[in-house]
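> Sharing data.txt below, compact mmCIF, C-alpha atoms:
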# COMPACT_ATOMS: atom_id res chain seq x y z
CA MET E 1 -51.10 232.88 159.60
CA ARG E 2 -52.54 236.37 159.42
CA ALA E 3 -53.06 238.52 162.45
CA SER E 4 -56.63 239.15 161.40
CA GLY E 5 -57.41 235.44 161.27
CA ARG E 6 -59.16 235.97 157.91
CA GLY E 7 -56.50 234.52 155.59
CA ARG E 8 -56.56 231.20 153.78
CA ARG E 9 -57.67 228.13 155.73
CA LEU E 10 -54.75 226.50 157.53
CA ASP E 11 -55.33 222.97 156.27
CA LEU E 12 -55.42 224.08 152.62
CA ALA E 13 -52.41 226.38 152.98
CA PHE E 14 -50.36 223.76 154.78
CA THR E 15 -51.15 221.03 152.24
CA ASP E 16 -49.91 223.23 149.41
CA ALA E 17 -46.85 224.55 151.25
CA ALA E 18 -45.67 221.17 152.57
CA ARG E 19 -46.23 219.16 149.41
CA GLU E 20 -42.51 218.88 148.55
CA LEU E 21 -41.24 218.22 152.08
CA SER E 22 -40.02 214.87 153.36
CA SER E 23 -42.23 213.06 155.87
CA LEU E 24 -39.88 214.06 158.71
CA ASP E 25 -39.87 217.71 157.68
CA GLN E 26 -43.64 217.63 157.20
CA ALA E 27 -44.12 216.45 160.79
CA PHE E 28 -41.94 219.28 162.11
CA ALA E 29 -43.63 221.84 159.89
CA ARG E 30 -47.10 220.64 160.94
CA GLU E 31 -46.34 220.98 164.63
CA LEU E 32 -44.81 224.41 164.05
CA ALA E 33 -47.70 225.73 161.94
CA TYR E 34 -50.63 224.12 163.73
CA GLY E 35 -49.12 224.55 167.19
CA THR E 36 -48.41 228.23 166.64
CA VAL E 37 -51.93 228.91 165.40
CA ARG E 38 -53.45 226.83 168.21
CA LEU E 39 -51.59 228.79 170.92
CA ARG E 40 -51.64 232.18 169.19
CA GLY E 41 -53.53 233.86 172.02
CA ARG E 42 -51.02 232.58 174.58
CA TRP E 43 -48.02 233.74 172.55
CA ASP E 44 -49.54 237.14 171.81
CA HIS E 45 -50.00 237.75 175.53
CA LEU E 46 -46.41 236.71 176.17
CA LEU E 47 -44.98 238.74 173.28
CA GLY E 48 -46.95 241.78 174.37
CA ARG E 49 -44.67 242.11 177.40
CA HIS E 50 -41.53 242.14 175.24
CA VAL E 51 -42.51 244.34 172.28
CA ARG E 52 -42.12 247.99 173.14
CA GLY E 53 -45.23 249.85 172.06
CA GLY E 54 -47.39 246.70 171.86
CA LEU E 55 -48.18 244.22 169.12
CA GLU E 56 -50.51 246.62 167.33
CA ARG E 57 -47.54 248.49 165.88
CA LEU E 58 -46.13 245.39 164.16
CA ASP E 59 -46.72 244.50 160.53
CA VAL E 60 -48.54 241.20 160.00
CA PRO E 61 -45.50 239.23 158.68
CA VAL E 62 -43.35 240.38 161.60
CA LEU E 63 -45.95 239.35 164.18
CA ASP E 64 -46.44 235.97 162.53
CA VAL E 65 -42.68 235.34 162.49
CA LEU E 66 -42.45 236.23 166.19
CA ARG E 67 -45.27 233.80 166.98
CA LEU E 68 -43.42 231.03 165.15
CA GLY E 69 -40.25 231.82 167.07
CA VAL E 70 -41.80 231.90 170.51
CA HIS E 71 -43.64 228.62 169.82
CA GLN E 72 -40.30 226.97 169.11
CA LEU E 73 -38.81 228.46 172.28
CA ARG E 74 -41.68 227.60 174.61
CA ALA E 75 -43.44 224.54 173.18
CA MET E 76 -41.00 222.59 170.97
CA SER E 77 -37.72 220.79 171.59
CA VAL E 78 -35.71 223.27 169.54
CA PRO E 79 -32.44 224.66 171.01
CA SER E 80 -32.76 228.37 171.72
CA TYR E 81 -29.91 229.41 169.44
CA ALA E 82 -31.45 227.47 166.53
CA ALA E 83 -34.97 228.76 167.13
CA ILE E 84 -33.80 232.38 167.27
CA SER E 85 -31.39 232.25 164.33
CA GLU E 86 -33.82 230.41 162.05
CA THR E 87 -36.64 232.80 162.94
CA VAL E 88 -34.43 235.80 162.16
CA GLU E 89 -33.61 234.24 158.77
CA LEU E 90 -37.32 233.63 158.18
CA SER E 91 -38.05 237.31 158.79
CA ARG E 92 -35.71 238.13 155.92
CA ALA E 93 -37.24 235.43 153.70
CA VAL E 94 -40.76 236.86 154.08
CA GLY E 95 -39.63 240.37 153.24
CA ALA E 96 -39.42 241.66 156.80
CA GLY E 97 -35.62 241.84 156.90
CA ARG E 98 -35.56 245.41 158.22
CA ALA E 99 -37.29 244.05 161.34
CA SER E 100 -34.76 241.24 161.84
CA GLY E 101 -33.08 243.16 164.68
CA LEU E 102 -36.42 243.53 166.46
CA VAL E 103 -37.18 239.83 165.96
CA ASN E 104 -33.77 238.86 167.34
CA GLY E 105 -34.09 241.16 170.35
CA VAL E 106 -37.63 240.16 171.28
CA LEU E 107 -36.95 236.43 171.06
CA ARG E 108 -33.75 236.74 173.11
CA SER E 109 -35.74 238.64 175.73
CA VAL E 110 -38.39 235.90 175.80
CA ASP E 111 -35.67 233.25 176.07
CA ARG E 112 -33.93 235.00 178.96
CA ALA E 113 -37.20 235.38 180.88
CA GLY E 114 -37.96 231.66 180.56
CA ALA E 115 -40.68 230.09 182.68
CA ASN E 116 -40.58 233.04 185.10
CA ASP E 117 -42.38 235.04 182.41
CA ASP E 118 -45.70 233.26 183.01
CA ASP E 119 -47.69 236.28 184.18
CA TRP E 120 -51.28 235.44 183.22
CA PRO E 121 -54.56 237.04 184.30
CA ASP E 122 -55.86 235.67 187.57
CA ALA E 123 -58.20 232.74 186.87
CA ALA E 124 -60.42 233.60 189.83
CA GLY E 125 -60.56 237.36 189.33
CA ASP E 126 -60.62 237.39 185.52
CA PRO E 127 -61.66 233.93 184.29
CA ALA E 128 -62.35 235.09 180.75
CA GLY E 129 -58.95 236.78 180.62
CA TRP E 130 -57.19 233.63 181.78
CA LEU E 131 -59.07 231.47 179.25
CA ALA E 132 -58.37 233.95 176.44
CA THR E 133 -54.62 234.23 177.12
CA ARG E 134 -53.33 231.10 178.80
CA GLY E 135 -56.14 229.13 177.11
CA SER E 136 -55.60 230.84 173.73
CA HIS E 137 -59.21 231.44 172.72
CA PRO E 138 -61.03 234.63 171.64
CA ARG E 139 -62.38 236.41 174.70
CA TRP E 140 -65.85 236.85 173.18
CA LEU E 141 -66.12 233.09 172.70
CA VAL E 142 -65.08 232.06 176.21
CA GLU E 143 -67.40 234.70 177.65
CA ARG E 144 -70.27 233.04 175.75
CA TRP E 145 -69.30 229.66 177.14
CA LEU E 146 -68.98 230.97 180.70
CA GLU E 147 -72.61 232.09 180.52
CA ARG E 148 -73.62 228.43 180.02
CA TRP E 149 -71.04 226.35 181.89
CA SER E 150 -68.84 226.59 184.97
CA PHE E 151 -65.27 227.84 184.80
CA ASP E 152 -63.95 224.31 185.34
CA GLU E 153 -65.96 222.99 182.41
CA VAL E 154 -64.89 225.78 180.07
CA ALA E 155 -61.27 225.34 181.17
CA ARG E 156 -61.56 221.64 180.31
CA LEU E 157 -63.06 222.51 176.91
CA VAL E 158 -60.28 225.00 176.18
CA GLU E 159 -57.63 222.50 177.24
CA LEU E 160 -59.05 219.87 174.87
CA ASP E 161 -59.18 222.40 172.03
CA ASN E 162 -55.44 222.95 172.50
CA ARG E 163 -54.56 219.26 172.15
CA VAL E 164 -53.53 217.54 168.95
CA PRO E 165 -56.69 215.60 167.98
CA ASP E 166 -56.81 211.82 168.13
CA LEU E 167 -57.29 209.70 165.03
CA ARG E 168 -60.47 207.65 165.14
CA LEU E 169 -61.52 205.10 162.53
CA VAL E 170 -64.78 203.37 161.68
CA PRO E 171 -64.47 199.87 160.13
CA ALA E 172 -66.30 199.74 156.81
CA ASP E 173 -68.20 196.62 157.94
CA GLY E 174 -68.80 197.90 161.48
CA ASP E 175 -66.82 195.07 163.14
CA VAL E 176 -64.68 197.01 165.60
CA GLU E 177 -63.31 193.86 167.26
CA ALA E 178 -62.02 192.40 164.00
CA ALA E 179 -60.63 195.74 162.90
CA ALA E 180 -58.85 196.34 166.20
CA ALA E 181 -57.33 192.85 166.06
CA ALA E 182 -56.04 193.47 162.52
CA TRP E 183 -54.51 196.81 163.44
CA ARG E 184 -52.88 195.40 166.56
CA ALA E 185 -51.42 192.57 164.51
CA ALA E 186 -50.01 195.22 162.16
CA GLY E 187 -48.25 196.89 165.08
CA LEU E 188 -50.65 199.67 166.08
CA GLU E 189 -51.86 200.44 169.59
CA VAL E 190 -55.62 201.00 169.43
CA GLU E 191 -58.57 201.36 171.79
CA ILE E 192 -62.14 200.31 171.01
CA GLU E 193 -64.91 202.79 171.79
CA PRO E 194 -67.97 200.52 171.77
CA LEU E 195 -70.67 203.18 172.27
CA PRO E 196 -70.19 205.03 168.97
CA GLY E 197 -68.48 202.07 167.26
CA THR E 198 -65.13 203.74 166.63
CA VAL E 199 -61.52 202.70 167.17
CA ARG E 200 -59.08 205.25 168.58
CA VAL E 201 -55.59 204.92 167.16
CA VAL E 202 -53.05 205.64 169.89
CA THR E 203 -49.92 205.15 167.76
CA THR E 204 -49.75 205.89 164.03
CA ASP E 205 -46.04 205.50 163.34
CA VAL E 206 -46.17 202.10 161.60
CA PRO E 207 -46.12 202.69 157.82
CA GLY E 208 -49.00 201.00 156.02
CA ALA E 209 -50.57 199.57 159.18
CA LEU E 210 -53.83 201.49 158.76
CA ASP E 211 -54.44 199.59 155.53
CA ALA E 212 -54.75 196.32 157.48
CA TYR E 213 -58.55 196.75 157.65
CA PRO E 214 -60.95 198.71 155.39
CA SER E 215 -62.07 201.81 157.28
CA PHE E 216 -62.65 205.54 157.13
CA VAL E 217 -61.84 208.43 159.46
CA GLN E 218 -64.65 209.63 161.70
CA ASP E 219 -64.66 211.17 165.16
CA ALA E 220 -66.80 209.54 167.82
CA ALA E 221 -69.15 212.55 167.95
CA ALA E 222 -69.92 212.23 164.24
CA ALA E 223 -70.45 208.50 164.72
CA MET E 224 -72.92 209.32 167.51
CA VAL E 225 -74.90 211.50 165.09
CA VAL E 226 -75.30 208.49 162.78
CA ARG E 227 -76.33 206.28 165.69
CA TYR E 228 -78.84 208.91 166.83
CA ALA E 229 -80.27 209.10 163.30
CA ALA E 230 -81.23 205.41 163.65
CA ILE E 231 -81.44 204.77 159.91
CA PRO E 232 -84.03 202.06 159.10
CA ALA E 233 -82.57 199.05 157.31
CA GLY E 234 -82.76 199.41 153.55
CA ALA E 235 -83.78 203.09 153.70
CA ARG E 236 -83.33 205.54 150.84
CA VAL E 237 -81.23 208.33 152.32
CA ALA E 238 -80.25 211.79 151.09
CA ASP E 239 -77.23 213.33 152.84
CA VAL E 240 -77.12 217.01 151.92
CA CYS E 241 -73.96 219.00 152.68
CA ALA E 242 -72.35 215.55 152.70
CA ALA E 243 -68.68 216.18 151.93
CA PRO E 244 -66.17 214.90 152.94
CA GLY E 245 -68.56 212.01 153.46
CA GLY E 246 -67.98 210.29 156.79
CA LYS E 247 -71.65 210.21 157.77
CA ALA E 248 -72.71 209.10 154.28
CA LEU E 249 -70.26 206.19 154.51
CA SER E 250 -71.57 205.25 157.96
CA MET E 251 -75.22 205.37 156.89
CA ALA E 252 -74.52 203.36 153.73
CA ARG E 253 -73.64 200.32 155.83
CA ARG E 254 -77.32 200.05 156.83
CA ALA E 255 -79.22 201.99 154.17
CA GLY E 256 -80.30 200.57 150.85
CA TYR E 257 -78.92 203.61 149.03
CA VAL E 258 -77.40 206.96 149.98
CA LEU E 259 -77.42 210.03 147.75
CA ALA E 260 -74.64 212.38 148.88
CA THR E 261 -74.96 215.98 147.70
CA ASP E 262 -72.73 218.98 148.23
CA PRO E 263 -72.10 222.25 146.38
CA SER E 264 -68.32 221.60 146.20
CA ARG E 265 -67.17 219.39 143.32
CA PRO E 266 -63.65 218.74 144.75
CA ARG E 267 -65.11 217.73 148.10
CA LEU E 268 -67.65 215.47 146.39
CA ASP E 269 -64.72 213.71 144.71
CA LEU E 270 -63.57 212.69 148.19
CA VAL E 271 -66.95 211.07 148.85
CA ARG E 272 -66.91 209.29 145.51
CA GLU E 273 -63.38 207.97 146.03
CA SER E 274 -64.13 206.67 149.55
CA ALA E 275 -67.37 204.98 148.47
CA SER E 276 -65.58 203.29 145.57
CA ARG E 277 -62.71 202.14 147.79
CA LEU E 278 -65.06 200.63 150.37
CA GLY E 279 -67.69 199.31 147.94
CA LEU E 280 -70.58 201.16 149.59
CA PRO E 281 -73.86 202.10 147.78
CA ILE E 282 -73.42 205.86 147.53
CA GLY E 283 -74.24 208.13 144.61
CA VAL E 284 -73.07 211.73 144.45
CA ALA E 285 -74.60 214.86 142.96
CA ARG E 286 -73.49 218.47 143.06
CA ALA E 287 -76.29 220.56 144.54
CA ALA E 288 -76.98 223.28 147.08
CA GLY E 289 -78.27 221.96 150.39
CA GLU E 290 -81.52 223.91 150.16
CA ARG E 291 -82.30 222.43 146.74
CA PRO E 292 -81.65 218.67 147.00
CA PRO E 293 -82.16 216.69 143.75
CA ALA E 294 -84.35 214.14 145.51
CA CYS E 295 -87.92 213.53 146.68
CA ASP E 296 -89.85 211.00 148.76
CA MET E 297 -86.72 209.97 150.67
CA ASP E 298 -87.02 207.81 153.77
CA VAL E 299 -84.34 209.86 155.55
CA VAL E 300 -82.76 213.23 154.84
CA LEU E 301 -79.70 214.25 156.84
CA VAL E 302 -78.84 217.95 156.94
CA ASP E 303 -75.30 218.11 158.32
CA ALA E 304 -75.30 221.87 158.12
CA PRO E 305 -72.32 224.19 157.65
CA CYS E 306 -71.67 225.90 160.98
CA THR E 307 -69.17 227.81 163.07
CA GLY E 308 -67.62 224.49 164.12
CA THR E 309 -66.88 225.47 167.71
CA GLY E 310 -67.08 221.81 168.70
CA THR E 311 -64.12 220.93 166.45
CA LEU E 312 -61.60 223.68 167.20
CA ARG E 313 -58.85 221.20 168.02
CA ARG E 314 -59.08 219.88 164.45
CA HIS E 315 -59.29 223.34 162.92
CA PRO E 316 -57.29 225.58 165.28
CA ASP E 317 -57.39 228.57 162.93
CA ALA E 318 -61.20 228.59 162.99
CA ARG E 319 -61.25 230.20 166.46
CA TRP E 320 -59.42 233.24 165.06
CA ARG E 321 -61.61 233.45 161.94
CA LEU E 322 -64.85 233.68 163.89
CA GLY E 323 -66.44 236.80 165.28
CA PRO E 324 -69.36 237.40 167.68
CA GLU E 325 -71.72 237.90 164.74
CA ASP E 326 -70.99 234.55 163.10
CA PRO E 327 -73.28 232.21 165.09
CA GLY E 328 -76.30 234.35 164.23
CA ARG E 329 -75.20 234.74 160.61
CA MET E 330 -74.71 230.99 160.21
CA ALA E 331 -78.10 230.31 161.81
CA GLU E 332 -79.77 232.13 158.91
CA VAL E 333 -77.90 229.97 156.38
CA GLN E 334 -78.77 226.81 158.29
CA ALA E 335 -82.45 227.73 158.49
CA ARG E 336 -82.66 228.14 154.71
CA ILE E 337 -80.95 224.80 154.09
CA LEU E 338 -83.17 222.94 156.57
CA LEU E 339 -86.36 224.38 155.10
CA GLY E 340 -85.30 223.48 151.57
CA ALA E 341 -84.08 219.99 152.40
CA ALA E 342 -87.30 219.13 154.24
CA SER E 343 -89.11 219.02 150.90
CA ALA E 344 -87.25 215.82 150.03
CA VAL E 345 -88.70 213.86 153.00
CA ARG E 346 -91.66 211.55 152.28
CA PRO E 347 -94.67 211.55 154.63
CA GLY E 348 -93.70 209.30 157.52
CA GLY E 349 -90.00 209.81 156.74
CA LEU E 350 -87.24 211.22 158.90
CA LEU E 351 -85.39 214.53 158.82
CA VAL E 352 -82.17 214.78 160.86
CA TYR E 353 -80.51 218.13 161.45
CA SER E 354 -76.95 218.11 162.82
CA THR E 355 -73.98 220.44 163.38
CA CYS E 356 -70.55 220.33 164.98
CA THR E 357 -71.03 223.66 166.77
CA LEU E 358 -71.70 224.29 170.45
CA GLU E 359 -73.66 227.51 169.88
CA PRO E 360 -77.39 227.28 170.76
CA GLU E 361 -78.68 229.66 168.08
CA GLU E 362 -77.23 227.34 165.43
CA ASN E 363 -78.75 224.26 167.05
CA ARG E 364 -81.92 224.46 169.10
CA GLY E 365 -82.67 227.92 167.74
CA VAL E 366 -82.68 226.75 164.12
CA VAL E 367 -84.80 223.68 164.87
CA ASP E 368 -87.35 225.60 166.95
CA ARG E 369 -87.84 228.06 164.11
CA PHE E 370 -88.19 225.21 161.63
CA LEU E 371 -90.76 223.33 163.69
CA SER E 372 -92.84 226.51 164.01
CA ALA E 373 -92.76 227.00 160.24
CA ARG E 374 -93.31 223.35 159.33
CA PRO E 375 -95.73 221.80 161.87
CA GLU E 376 -95.95 218.57 159.86
CA PHE E 377 -92.56 217.70 161.39
CA ARG E 378 -92.23 216.63 164.99
CA PRO E 379 -89.27 215.63 167.18
CA ALA E 380 -88.73 211.87 167.10
CA PRO E 381 -85.64 210.92 169.13
CA PRO E 382 -84.67 207.24 168.97
CA ASP E 383 -85.28 204.91 171.90
CA ASP E 384 -81.62 204.45 172.80
CA PRO E 385 -80.70 204.95 176.48
CA GLU E 386 -76.96 205.19 175.75
CA ILE E 387 -77.28 208.35 173.65
CA PRO E 388 -76.73 211.64 175.54
CA LEU E 389 -79.98 213.55 175.02
CA THR E 390 -81.01 217.07 175.99
CA ASP E 391 -84.74 217.64 175.49
CA GLY E 392 -84.82 215.02 172.76
CA ALA E 393 -81.73 216.28 170.94
CA LEU E 394 -78.35 214.60 170.76
CA GLU E 395 -75.83 216.81 172.53
CA VAL E 396 -72.19 215.74 172.63
CA LEU E 397 -69.92 218.12 174.52
CA PRO E 398 -66.12 217.68 174.39
CA HIS E 399 -65.71 218.53 178.07
CA ARG E 400 -68.36 216.01 179.20
CA HIS E 401 -68.13 213.09 176.79
CA GLY E 402 -65.41 210.78 175.59
CA GLY E 403 -63.40 210.37 178.79
CA GLY E 404 -59.83 211.61 179.00
CA PRO E 405 -59.19 212.11 175.28
CA GLY E 406 -62.60 213.73 174.81
CA TRP E 407 -64.75 213.71 171.69
CA ASP E 408 -65.57 216.49 169.30
CA GLY E 409 -68.78 218.43 169.85
CA ALA E 410 -71.99 217.59 168.01
CA TRP E 411 -75.70 218.40 168.15
CA ALA E 412 -78.58 216.76 166.29
CA MET E 413 -82.37 216.64 166.23
CA ARG E 414 -84.27 213.75 164.65
CA MET E 415 -87.70 214.70 163.33
CA LYS E 416 -90.51 212.78 161.66
CA ARG E 417 -92.80 214.05 158.94
CA VAL E 418 -96.28 213.09 160.02
CA LYS E 419 -99.29 212.52 157.73
CA ARG E 420 -102.15 215.00 157.64
CA ASP E 421 -105.82 214.64 156.82
CA SER E 422 -108.52 217.30 156.92
CA THR E 423 -109.00 217.21 160.68
CA THR E 424 -106.13 215.52 162.47
CA VAL E 425 -102.46 214.87 162.34
CA ALA E 426 -101.78 211.14 162.46
CA ASP E 427 -98.33 210.23 163.68
CA GLU E 428 -97.18 206.94 162.16
CA SER E 429 -94.76 206.27 164.99
Represent the structure contained in this file as structure tokens.

Amino acid sequence: MRASGRGRRLDLAFTDAARELSSLDQAFARELAYGTVRLRGRWDHLLGRHVRGGLERLDVPVLDVLRLGVHQLRAMSVPSYAAISETVELSRAVGAGRASGLVNGVLRSVDRAGANDDDWPDAAGDPAGWLATRGSHPRWLVERWLERWSFDEVARLVELDNRVPDLRLVPADGDVEAAAAAWRAAGLEVEIEPLPGTVRVVTTDVPGALDAYPSFVQDAAAAMVVRYAAIPAGARVADVCAAPGGKALSMARRAGYVLATDPSRPRLDLVRESASRLGLPIGVARAAGERPPACDMDVVLVDAPCTGTGTLRRHPDARWRLGPEDPGRMAEVQARILLGAASAVRPGGLLVYSTCTLEPEENRGVVDRFLSARPEFRPAPPDDPEIPLTDGALEVLPHRHGGGPGWDGAWAMRMKRVKRDSTTVADES
């Protein structure tokens, strides 16, 4: 956890660091690491009142150690004496031993203040300040959201981002009733979500129970993208930027064949392993999204790399990695991929562009530019009244969809490549 937010990705770092831990220690370490990163903005505001001279004067390791300590004091069931003493020892272990006295003093001050220390910006007078500190999100990001949605909606979004995400599974054969029955028989508590065809796992503490039915992990928002794509039965599909492969697996249940491409070989291995385990017709090829090794495909899905602001609860460090310039920068990358991938669509075929970001320049902005540059493509949303549409596009918002637990965010536009002759454009729809 670096103060700049530009260090190694949390999921990769944690996997490596926790490899040798027992399952019990891994669970504790995960809550400590992920929880501290998730609530970093809250803890920085709190620590700022106890560090003389402000946080800016602290070295990165010292600040990170203090964040870990205050998370144990304020958000975990760790006795104060243990949280403080272990954090002081950690400061020595990371080479910040000369600051151990400061770490001890600051954490004791936080502990003495207790709940009376909750002095946050006023939500009515400074809504962005409240969302940035108590809600633990970058101020620039919540200010963007407040331009589009009410304070109550953004507060709901921020609250969902700060929750531990639910586990949702998609049965390999699509039979959610049979899968739910098998998992319940194995001792799990599950809830069926019929609209996207997912099963939410409420309890996961029964060893081996998830193996009771063949399935793969996929959030309901991602499942909605596949439903929105409305893949024709038996279609030849290219899924560019496919890894780790959830949408390719979903589409393969209906398609005749799915070619999954991605520039990352290790991530493609995940797709290959899942397809083999579930017996689904998926081939893999390493390729850049803008240069797919395919042509005349019935459907091409561009699940573009993005800022991921609809999935911050799953990737809590992403909020600290992003800056105000990133949505625009990513939009340029996405535009290049979409233009390149479109060449693989046959006349009359479908092109589906999707992201897991909430930022309009990465969604509608990219598609509008594409449609201006490639007029042979036209929006073609499916005729499905249960799908949440905004001007023909799928728009899933965590604070509006998915009930109490909420879903991730997702956006998608389904387009059709129409045939041209010398005088007219004939739409085969």
> Let me make sure I understand: among E:Met251, E:Pro244, E:Arg236, E:Asp317, which one has the smallest atom-to-atom distance to Asp296 (chain E) if we use all atoms listed in the file?
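So, comparing all the options, the nearest one is E:Arg236.
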> Show me, as a ChimeraX atom specification, the residues that have an atom within 12 Å of region 382-393 of chain E when counting only C-alpha atoms, minus same-chain residues fewer than 4 positions from it.
/E:194-196,221,223-232,350,352-355,360,363-364,367-368,378,397,400-402,409-416,429
> Here is a test: counting all atoms listed in the file, which residue of E:Ala252, E:Ala342, E:Leu107, E:Ala178 is nearest to Arg291 (chain E)?
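Counting all atoms listed in the file, the residue closest to Arg291 (chain E) is E:Ala342.
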> Find the residues of region 78-154 of chain E that sit at most 8 Å from region 318-335 of chain E; for each, write down the nearest two atoms and how far apart they are in Å, to one decimal. Count all atoms listed in the file. Sort by chain, then by number going up, and give it as a tab-separated table.

residue	atom	partner	partner_atom	distance
E:His137	CA	E:Arg319	CA	6.7
E:Pro138	CA	E:Arg319	CA	6.8
E:Trp140	CA	E:Pro324	CA	6.5
E:Leu141	CA	E:Pro324	CA	7.4
> Convert the current residue selection to file output with C-alpha atoms, as a PDB file, in the frame of the given file.

ATOM      1  CA  HIS E 137     -59.210 231.440 172.720  1.00  0.00           C
ATOM      2  CA  PRO E 138     -61.030 234.630 171.640  1.00  0.00           C
ATOM      3  CA  TRP E 140     -65.850 236.850 173.180  1.00  0.00           C
ATOM      4  CA  LEU E 141     -66.120 233.090 172.700  1.00  0.00           C
TER       5      LEU E 141
END
> Can you pull out the residues contacting region 54-61 of chain E? Cut-off 10 Å, using only C-alpha atoms, and skip same-chain residues under 3 positions away; I want them as a list in words.
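The filter keeps Met1, Arg2, Ala3, Ser4, Asp44, His45, Leu47, Gly48, Arg49, His50, Val51, Asp64, Val65, Leu66, Arg67, Leu90, Ser91, Val94, Gly95, Ala96 and Ala99 of chain E.
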> Would you export the selected residues with C-alpha atoms as a short mmCIF file (atom, residue, chain, number, x, y, z; two decimals), in the frame of the given file, please?

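And here is the file that came out, out_18.cif:
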data_model
loop_
_atom_site.label_atom_id
_atom_site.label_comp_id
_atom_site.auth_asym_id
_atom_site.auth_seq_id
_atom_site.Cartn_x
_atom_site.Cartn_y
_atom_site.Cartn_z
CA MET E 1 -51.10 232.88 159.60
CA ARG E 2 -52.54 236.37 159.42
CA ALA E 3 -53.06 238.52 162.45
CA SER E 4 -56.63 239.15 161.40
CA ASP E 44 -49.54 237.14 171.81
CA HIS E 45 -50.00 237.75 175.53
CA LEU E 47 -44.98 238.74 173.28
CA GLY E 48 -46.95 241.78 174.37
CA ARG E 49 -44.67 242.11 177.40
CA HIS E 50 -41.53 242.14 175.24
CA VAL E 51 -42.51 244.34 172.28
CA ASP E 64 -46.44 235.97 162.53
CA VAL E 65 -42.68 235.34 162.49
CA LEU E 66 -42.45 236.23 166.19
CA ARG E 67 -45.27 233.80 166.98
CA LEU E 90 -37.32 233.63 158.18
CA SER E 91 -38.05 237.31 158.79
CA VAL E 94 -40.76 236.86 154.08
CA GLY E 95 -39.63 240.37 153.24
CA ALA E 96 -39.42 241.66 156.80
CA ALA E 99 -37.29 244.05 161.34
#
> As an exercise, work out the distance from CA of Asp25 (chain E) to CA of Val201 (chain E) in Å and give it to one decimal place.
22.4 Å
> Please indicate the distance in Å from CA of Ala212 (chain E) to CA of Asp239 (chain E), rounded to one decimal place.
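One can read the CA of Ala212 (chain E) to CA of Asp239 (chain E) distance as 28.6 Å.
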> Give me, please, the distance in Å between CA of Ala243 (chain E) and CA of Pro292 (chain E), quoted to one decimal.
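CA of Pro292 (chain E) lies at a distance of 14.1 Å from CA of Ala243 (chain E).
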> Using all atoms listed in the file, find all polymer residues with an atom at most 7 Å away from the point (-57.8, 201.1, 167.2); report them as a PyMOL selection string.
chain E and resi 180+183+189-192+199-201
> Those same residues - C-alpha atoms - I'd like them written as a short mmCIF file (atom, residue, chain, number, x, y, z; two decimals), in the frame of the given file.

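After the write, out.cif holds the following:
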data_model
loop_
_atom_site.label_atom_id
_atom_site.label_comp_id
_atom_site.auth_asym_id
_atom_site.auth_seq_id
_atom_site.Cartn_x
_atom_site.Cartn_y
_atom_site.Cartn_z
CA ALA E 180 -58.85 196.34 166.20
CA TRP E 183 -54.51 196.81 163.44
CA GLU E 189 -51.86 200.44 169.59
CA VAL E 190 -55.62 201.00 169.43
CA GLU E 191 -58.57 201.36 171.79
CA ILE E 192 -62.14 200.31 171.01
CA VAL E 199 -61.52 202.70 167.17
CA ARG E 200 -59.08 205.25 168.58
CA VAL E 201 -55.59 204.92 167.16
#
> Which residues come within 10 Å of Asp211 (chain E), counting all atoms listed in the file, excluding same-chain residues fewer than 4 positions away, as a PyMOL selection string?
chain E and resi 182-183+186+207+215
> Find the residues near Arg254 (chain E): any atom within 10 Å, counting all atoms listed in the file, skip ones fewer than 5 places away on the same chain, and give them as a PyMOL selection string.
chain E and resi 173-174+230-235+249+280-281
> Choose the residue, out of E:Leu270, E:Leu63, E:Cys306, E:Leu68, that has the smallest atom-to-atom separation from Ala29 (chain E); count only C-alpha atoms.
E:Leu68
